[in-house]
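K.L.:
The following file, input_26.txt, comprises compact mmCIF, C-alpha atoms:
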```txt
# COMPACT_ATOMS: atom_id res chain seq x y z
CA MET C 1 -48.41 0.18 36.56
CA LEU C 2 -50.69 -2.12 38.52
CA SER C 3 -49.22 -4.88 40.63
CA PRO C 4 -50.70 -8.38 40.17
CA GLU C 5 -52.46 -8.00 43.56
CA THR C 6 -54.26 -4.74 42.71
CA PRO C 7 -57.70 -5.20 41.12
CA PRO C 8 -57.72 -3.50 37.74
CA LEU C 9 -60.30 -0.96 36.63
CA VAL C 10 -60.87 -2.70 33.30
CA SER C 11 -60.65 -6.35 32.28
CA VAL C 12 -60.00 -6.76 28.56
CA ILE C 13 -61.19 -10.08 27.13
CA MET C 14 -59.25 -11.30 24.07
CA PRO C 15 -60.23 -14.66 22.54
CA MET C 16 -57.46 -16.14 20.39
CA HIS C 17 -57.39 -18.87 17.76
CA ASP C 18 -54.55 -19.23 15.25
CA ALA C 19 -53.73 -15.52 15.36
CA ALA C 20 -49.95 -15.59 15.65
CA ALA C 21 -49.58 -12.97 12.91
CA PHE C 22 -51.83 -10.48 14.69
CA VAL C 23 -52.08 -11.07 18.42
CA GLY C 24 -48.81 -9.29 19.27
CA ALA C 25 -50.06 -6.04 17.73
CA GLY C 26 -53.41 -6.46 19.47
CA ILE C 27 -51.70 -6.84 22.85
CA ARG C 28 -49.47 -3.84 22.17
CA SER C 29 -52.52 -1.72 21.35
CA VAL C 30 -53.85 -2.42 24.86
CA GLN C 31 -50.46 -1.70 26.43
CA ALA C 32 -50.38 1.65 24.60
CA GLN C 33 -53.61 2.87 26.22
CA THR C 34 -53.49 6.24 27.96
CA VAL C 35 -55.37 4.52 30.81
CA GLN C 36 -53.12 1.86 32.31
CA GLU C 37 -55.32 0.36 35.06
CA TRP C 38 -56.28 -2.75 33.13
CA GLU C 39 -55.71 -6.46 32.88
CA LEU C 40 -55.66 -8.30 29.58
CA LEU C 41 -57.00 -11.86 29.56
CA VAL C 42 -55.86 -13.65 26.41
CA VAL C 43 -57.87 -16.86 26.15
CA ASP C 44 -56.48 -19.45 23.76
CA ASP C 45 -59.06 -21.52 21.94
CA SER C 46 -57.01 -24.54 20.79
CA SER C 47 -54.61 -22.60 18.57
CA ARG C 48 -52.49 -24.78 16.30
CA ASP C 49 -49.94 -22.11 15.41
CA SER C 50 -47.56 -20.16 17.67
CA SER C 51 -50.28 -17.85 19.05
CA HIS C 52 -49.99 -19.22 22.58
CA ALA C 53 -46.22 -18.71 22.63
CA VAL C 54 -46.57 -15.11 21.40
CA ALA C 55 -49.09 -14.35 24.14
CA GLU C 56 -46.98 -16.06 26.80
CA ARG C 57 -43.98 -13.91 25.87
CA ALA C 58 -46.10 -10.80 26.32
CA ALA C 59 -47.34 -12.07 29.68
CA ALA C 60 -43.80 -12.78 30.85
CA ALA C 61 -42.88 -9.15 30.18
CA ASP C 62 -46.06 -7.57 31.58
CA PRO C 63 -47.84 -8.98 34.68
CA ARG C 64 -51.12 -7.35 33.60
CA VAL C 65 -51.33 -9.81 30.69
CA ARG C 66 -52.68 -13.24 31.62
CA VAL C 67 -52.90 -16.18 29.22
CA LEU C 68 -55.69 -18.68 29.79
CA ARG C 69 -56.93 -21.70 27.89
CA ASN C 70 -60.46 -22.61 26.93
CA ASP C 71 -60.65 -26.31 27.79
CA GLY C 72 -64.40 -26.49 27.23
CA PRO C 73 -66.53 -26.07 24.10
CA GLY C 74 -64.73 -24.12 21.40
CA GLY C 75 -65.78 -20.95 19.63
CA ALA C 76 -65.62 -17.24 20.29
CA GLY C 77 -68.52 -17.14 22.75
CA PRO C 78 -67.38 -19.87 25.17
CA THR C 79 -63.81 -18.60 24.91
CA ARG C 80 -64.84 -15.06 25.84
CA ASN C 81 -66.86 -16.48 28.73
CA VAL C 82 -63.72 -18.11 30.16
CA GLY C 83 -62.16 -14.65 30.25
CA ILE C 84 -65.24 -13.02 31.76
CA GLY C 85 -65.29 -15.65 34.48
CA ALA C 86 -61.67 -14.89 35.40
CA ALA C 87 -62.00 -11.08 35.13
CA ARG C 88 -61.27 -8.95 38.20
CA GLY C 89 -62.08 -5.50 36.85
CA ARG C 90 -65.19 -3.40 37.34
CA TYR C 91 -65.50 -2.87 33.60
CA ILE C 92 -65.45 -5.62 30.97
CA ALA C 93 -64.14 -4.73 27.51
CA PHE C 94 -63.64 -6.87 24.41
CA LEU C 95 -60.93 -7.01 21.76
CA ASP C 96 -60.44 -9.87 19.31
CA SER C 97 -56.86 -10.98 18.78
CA ASP C 98 -56.75 -9.68 15.19
CA ASP C 99 -58.17 -6.23 15.97
CA LEU C 100 -56.60 -3.12 17.53
CA TRP C 101 -57.48 -0.26 19.85
CA LEU C 102 -56.36 3.32 19.34
CA PRO C 103 -54.49 4.75 22.35
CA THR C 104 -57.29 6.89 23.85
CA LYS C 105 -59.98 4.21 23.52
CA LEU C 106 -60.34 3.36 27.20
CA GLU C 107 -59.84 6.95 28.35
CA ARG C 108 -62.63 8.28 26.17
CA GLN C 109 -65.05 5.49 27.03
CA LEU C 110 -64.43 5.54 30.77
CA ALA C 111 -65.22 9.26 30.70
CA LEU C 112 -68.46 8.52 28.84
CA LEU C 113 -69.42 5.84 31.37
CA GLU C 114 -68.99 8.36 34.17
CA VAL C 115 -70.83 11.32 32.66
CA SER C 116 -73.68 9.31 31.10
CA GLY C 117 -74.35 6.81 33.87
CA ALA C 118 -74.94 4.20 31.16
CA PRO C 119 -73.89 0.62 31.97
CA LEU C 120 -72.84 -0.08 28.37
CA VAL C 121 -70.85 2.10 25.98
CA TYR C 122 -69.40 1.69 22.49
CA SER C 123 -67.85 3.80 19.74
CA ALA C 124 -67.28 4.17 16.04
CA TYR C 125 -64.34 2.28 14.54
CA TYR C 126 -62.18 2.07 11.44
CA LYS C 127 -62.15 -0.86 9.04
CA VAL C 128 -58.75 -1.96 7.75
CA ASP C 129 -57.81 -4.62 5.22
CA ALA C 130 -57.22 -8.20 6.30
CA ASP C 131 -53.51 -7.90 5.54
CA PHE C 132 -53.03 -4.66 7.50
CA SER C 133 -49.64 -4.95 9.19
CA GLY C 134 -49.38 -1.64 11.03
CA GLU C 135 -49.67 -0.75 14.68
CA ALA C 136 -52.42 1.21 16.39
CA VAL C 137 -49.95 3.84 17.55
CA GLY C 138 -49.39 6.20 14.66
CA PHE C 139 -52.34 4.90 12.62
CA GLU C 140 -53.29 7.31 9.84
CA PRO C 141 -57.08 7.67 9.42
CA ASN C 142 -58.22 5.92 6.25
CA GLY C 143 -61.75 7.27 5.89
CA ARG C 144 -63.36 3.82 6.32
CA VAL C 145 -65.38 4.63 9.43
CA VAL C 146 -68.29 2.60 10.77
CA ARG C 147 -70.32 5.24 12.58
CA ALA C 148 -71.92 4.86 16.00
CA PRO C 149 -75.28 6.27 17.16
CA LEU C 150 -75.03 8.34 20.33
CA ARG C 151 -77.83 6.46 22.10
CA LEU C 152 -79.33 3.01 21.71
CA GLU C 153 -82.38 1.32 23.14
CA TYR C 154 -83.46 -2.26 22.52
CA ARG C 155 -85.76 -1.30 19.65
CA HIS C 156 -82.89 0.45 17.86
CA LEU C 157 -80.53 -2.49 18.23
CA LEU C 158 -83.08 -4.87 16.76
CA ARG C 159 -82.80 -2.95 13.47
CA GLN C 160 -79.05 -3.36 13.23
CA ASP C 161 -76.09 -4.49 15.30
CA TYR C 162 -74.82 -0.95 15.75
CA ILE C 163 -72.33 -1.94 18.47
CA GLY C 164 -68.97 -3.07 17.17
CA PHE C 165 -68.04 -5.63 19.81
CA LEU C 166 -64.40 -4.55 19.76
CA THR C 167 -65.63 -1.22 21.17
CA ALA C 168 -68.11 -2.52 23.78
CA VAL C 169 -67.47 -1.88 27.50
CA TYR C 170 -69.95 -2.76 30.25
CA ASP C 171 -70.13 -2.02 33.97
CA THR C 172 -70.32 -5.10 36.20
CA ARG C 173 -71.51 -3.02 39.17
CA VAL C 174 -74.75 -2.43 37.31
CA LEU C 175 -75.04 -5.53 35.13
CA GLY C 176 -73.03 -8.13 36.98
CA LYS C 177 -70.85 -10.42 34.90
CA ARG C 178 -72.93 -10.91 31.78
CA LEU C 179 -71.89 -13.98 29.80
CA LEU C 180 -72.41 -14.56 26.11
CA PRO C 181 -75.33 -16.89 25.39
CA SER C 182 -74.88 -20.50 24.32
CA ILE C 183 -75.61 -20.18 20.63
CA GLU C 184 -73.27 -21.16 17.84
CA ARG C 185 -72.61 -17.70 16.34
CA ARG C 186 -73.49 -14.01 16.75
CA GLN C 187 -73.24 -14.39 20.54
CA ASP C 188 -71.90 -10.83 20.76
CA TYR C 189 -75.02 -9.36 19.18
CA ALA C 190 -77.24 -11.56 21.35
CA LEU C 191 -75.48 -10.32 24.49
CA MET C 192 -75.93 -6.66 23.55
CA LEU C 193 -79.62 -7.29 22.83
CA ALA C 194 -80.08 -9.07 26.16
CA ILE C 195 -78.61 -6.12 28.07
CA LEU C 196 -80.82 -3.57 26.34
CA ARG C 197 -83.87 -5.85 26.54
CA ASP C 198 -83.60 -5.47 30.32
CA GLY C 199 -84.40 -1.76 29.88
CA HIS C 200 -80.89 -0.34 29.88
CA VAL C 201 -79.76 2.37 27.47
CA ALA C 202 -76.34 2.24 25.80
CA ARG C 203 -74.33 5.35 24.96
CA GLY C 204 -71.94 5.77 22.06
CA LEU C 205 -69.13 7.98 20.83
CA ASP C 206 -69.21 8.72 17.12
CA GLU C 207 -65.43 8.86 17.24
CA PRO C 208 -63.45 5.93 15.80
CA LEU C 209 -61.44 4.39 18.62
CA ALA C 210 -60.54 0.95 17.24
CA LEU C 211 -59.42 -0.85 14.08
CA TYR C 212 -61.45 -3.78 12.80
CA ARG C 213 -59.70 -6.15 10.44
CA ALA C 214 -62.29 -6.87 7.73
CA GLY C 215 -62.56 -10.04 5.69
CA ARG C 216 -59.75 -12.09 7.27
CA THR C 217 -59.79 -15.69 6.03
CA GLY C 218 -61.46 -17.86 8.64
CA SER C 219 -63.22 -14.94 10.31
CA LEU C 220 -66.74 -15.85 11.39
CA SER C 221 -68.00 -12.52 10.08
CA ALA C 222 -66.55 -13.14 6.62
CA ASN C 223 -69.52 -15.25 5.51
CA LYS C 224 -72.37 -12.76 5.35
CA LEU C 225 -74.98 -15.37 4.45
CA VAL C 226 -74.14 -17.40 7.53
CA ALA C 227 -74.30 -14.24 9.64
CA ALA C 228 -77.72 -13.43 8.21
CA ARG C 229 -79.00 -16.91 9.03
CA TYR C 230 -77.87 -16.57 12.63
CA ASN C 231 -79.39 -13.11 12.92
CA TRP C 232 -82.70 -14.66 11.91
CA HIS C 233 -82.18 -17.36 14.55
CA ILE C 234 -81.65 -14.67 17.18
CA TYR C 235 -84.79 -12.77 16.19
CA ARG C 236 -87.04 -15.83 16.20
CA HIS C 237 -85.55 -18.18 18.79
CA VAL C 238 -83.48 -16.06 21.21
CA GLU C 239 -85.54 -12.87 21.25
CA ALA C 240 -88.72 -14.83 20.38
CA LEU C 241 -90.05 -12.04 18.17
CA PRO C 242 -93.41 -12.59 16.47
CA LEU C 243 -93.00 -13.30 12.77
CA PRO C 244 -94.04 -9.82 11.54
CA ARG C 245 -91.62 -8.07 13.88
CA ALA C 246 -88.85 -10.54 13.06
CA LEU C 247 -89.35 -9.85 9.35
CA TRP C 248 -89.24 -6.10 10.02
CA ALA C 249 -86.02 -6.46 12.03
CA PHE C 250 -84.40 -8.74 9.47
CA GLY C 251 -85.27 -6.42 6.58
CA ASN C 252 -83.68 -3.48 8.40
CA TYR C 253 -80.64 -5.59 9.25
CA ALA C 254 -80.17 -6.73 5.64
CA VAL C 255 -80.19 -3.20 4.24
CA ARG C 256 -77.91 -1.72 6.88
CA ALA C 257 -75.51 -4.68 6.85
CA GLY C 258 -75.14 -4.26 3.10
CA LEU C 259 -74.30 -0.59 3.50
CA LYS C 260 -71.79 -1.34 6.28
CA TYR C 261 -70.13 -3.99 4.10
CA LEU C 262 -69.38 -1.32 1.48
CA ILE C 263 -67.35 0.81 3.89
```
Can you present the structure in this file as structure tokens?
P.N.:
Amino acid sequence: MLSPETPPLVSVIMPMHDAAAFVGAGIRSVQAQTVQEWELLVVDDSSRDSSHAVAERAAAADPRVRVLRNDGPGGAGPTRNVGIGAARGRYIAFLDSDDLWLPTKLERQLALLEVSGAPLVYSAYYKVDADFSGEAVGFEPNGRVVRAPLRLEYRHLLRQDYIGFLTAVYDTRVLGKRLLPSIERRQDYALMLAILRDGHVARGLDEPLALYRAGRTGSLSANKLVAARYNWHIYRHVEALPLPRALWAFGNYAVRAGLKYLI
């Protein structure tokens, strides 16, 4: 196990807001990784429940877990950026406090980073119900798999947000510390687009390596109409696409998002 003075290989960024029922399992799924050279930065975004206390207990028992607070603007993007700013690892990975990683997630993706030379990797993942109460260790496959393309360029990602952010890992030696943009929602998608817009290619594993909790009350992704509106904002105002190309991208997104919702 790493000492607090040894820089980790991977920094895991976990934003947290009122997730007391889930964050313990999320932390344990990182601790169960077959690769142990990581730090976990749990960043509390003004939780009103016992989330902070749950995370602090984990940190007291494991020096690789650090609990931070977001004292600036709230929301998932600014909260993740607090963690990115404090990260010490070469690789930056993301896991929301209500999601889980399967034990070989980091091992499989670090191998892909090495053999592919890509600065950004991702994988397929399972969807589980909002009230899922199990642990990542011992998870029985449920057939609800969101598949991952093996290779993505910018033009592909415009058609659909193929990268589940809970599976994304990027290399700071190539990209530097890339922060999420200052938009209200869908910052994760905007960040992935920005990286690929720079000419980079992302590589994927069509192997489910994480568990995404779908439809949790209060989840930003639960309101599909709001998500669609912010996708349109990204196409027109962040990516500055001409209207015809924005309409093409949005039409592709709408169809594929509907299909993904049915999984």
K.L.:
Using only C-alpha atoms, pick whichever of C:Ile13, C:Ala21, C:Leu247, C:Val30 has the shortest atom-to-atom distance to C:Asn231.
P.N.:
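Closest candidate: C:Leu247.
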K.L.:
Can you pull out the residues contacting C:Lys224? Cut-off 12 Å, using all atoms listed in the file, and skip same-chain residues under 5 positions away; I want them as a list in words.
P.N.:
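Using all atoms listed in the file, the neighbours found are Arg186, Ala214, Gly215, Ser219, Arg229, Tyr230, Asn231, Tyr253, Ala254, Ala257, Gly258, Lys260 and Tyr261 of chain C.
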K.L.:
For atom CA of C:Val65 and atom CA of C:Ile163, determine how far apart the two atoms are, in Å to one decimal place.
P.N.:
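Between atom CA of C:Val65 and atom CA of C:Ile163 the gap is 25.5 Å.
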K.L.:
Each residue of stretch 196-251 of chain C lying at most 7 Å from stretch 110-119 of chain C should get a row with its shortest atom-to-atom pair and the distance in Å to one decimal, counting only C-alpha atoms; could you produce that, ordered by chain and increasing number, as CSV?
P.N.:
```
residue,atom,partner,partner_atom,distance
C:Val201,CA,C:Ala118,CA,6.3
C:Ala202,CA,C:Ala118,CA,5.9
C:Arg203,CA,C:Ala118,CA,6.3
```
K.L.:
Put those residues in a file: C-alpha atoms, as a compact mmCIF listing (two decimals), in the frame of the given file.
P.N.:
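Generated file (result-v3.txt):
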```
# COMPACT_ATOMS: atom_id res chain seq x y z
CA VAL C 201 -79.76 2.37 27.47
CA ALA C 202 -76.34 2.24 25.80
CA ARG C 203 -74.33 5.35 24.96
```
K.L.:
Provide the atom CA of C:Glu153 to atom CA of C:Gly251 distance in Å, to one decimal place.
P.N.:
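A separation of 18.5 Å between them.
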K.L.:
Of the residues C:Tyr170, C:Tyr126, C:Tyr212, C:Phe132, which is the one nearest to C:Val12, using all atoms listed in the file?
P.N.:
C:Tyr170
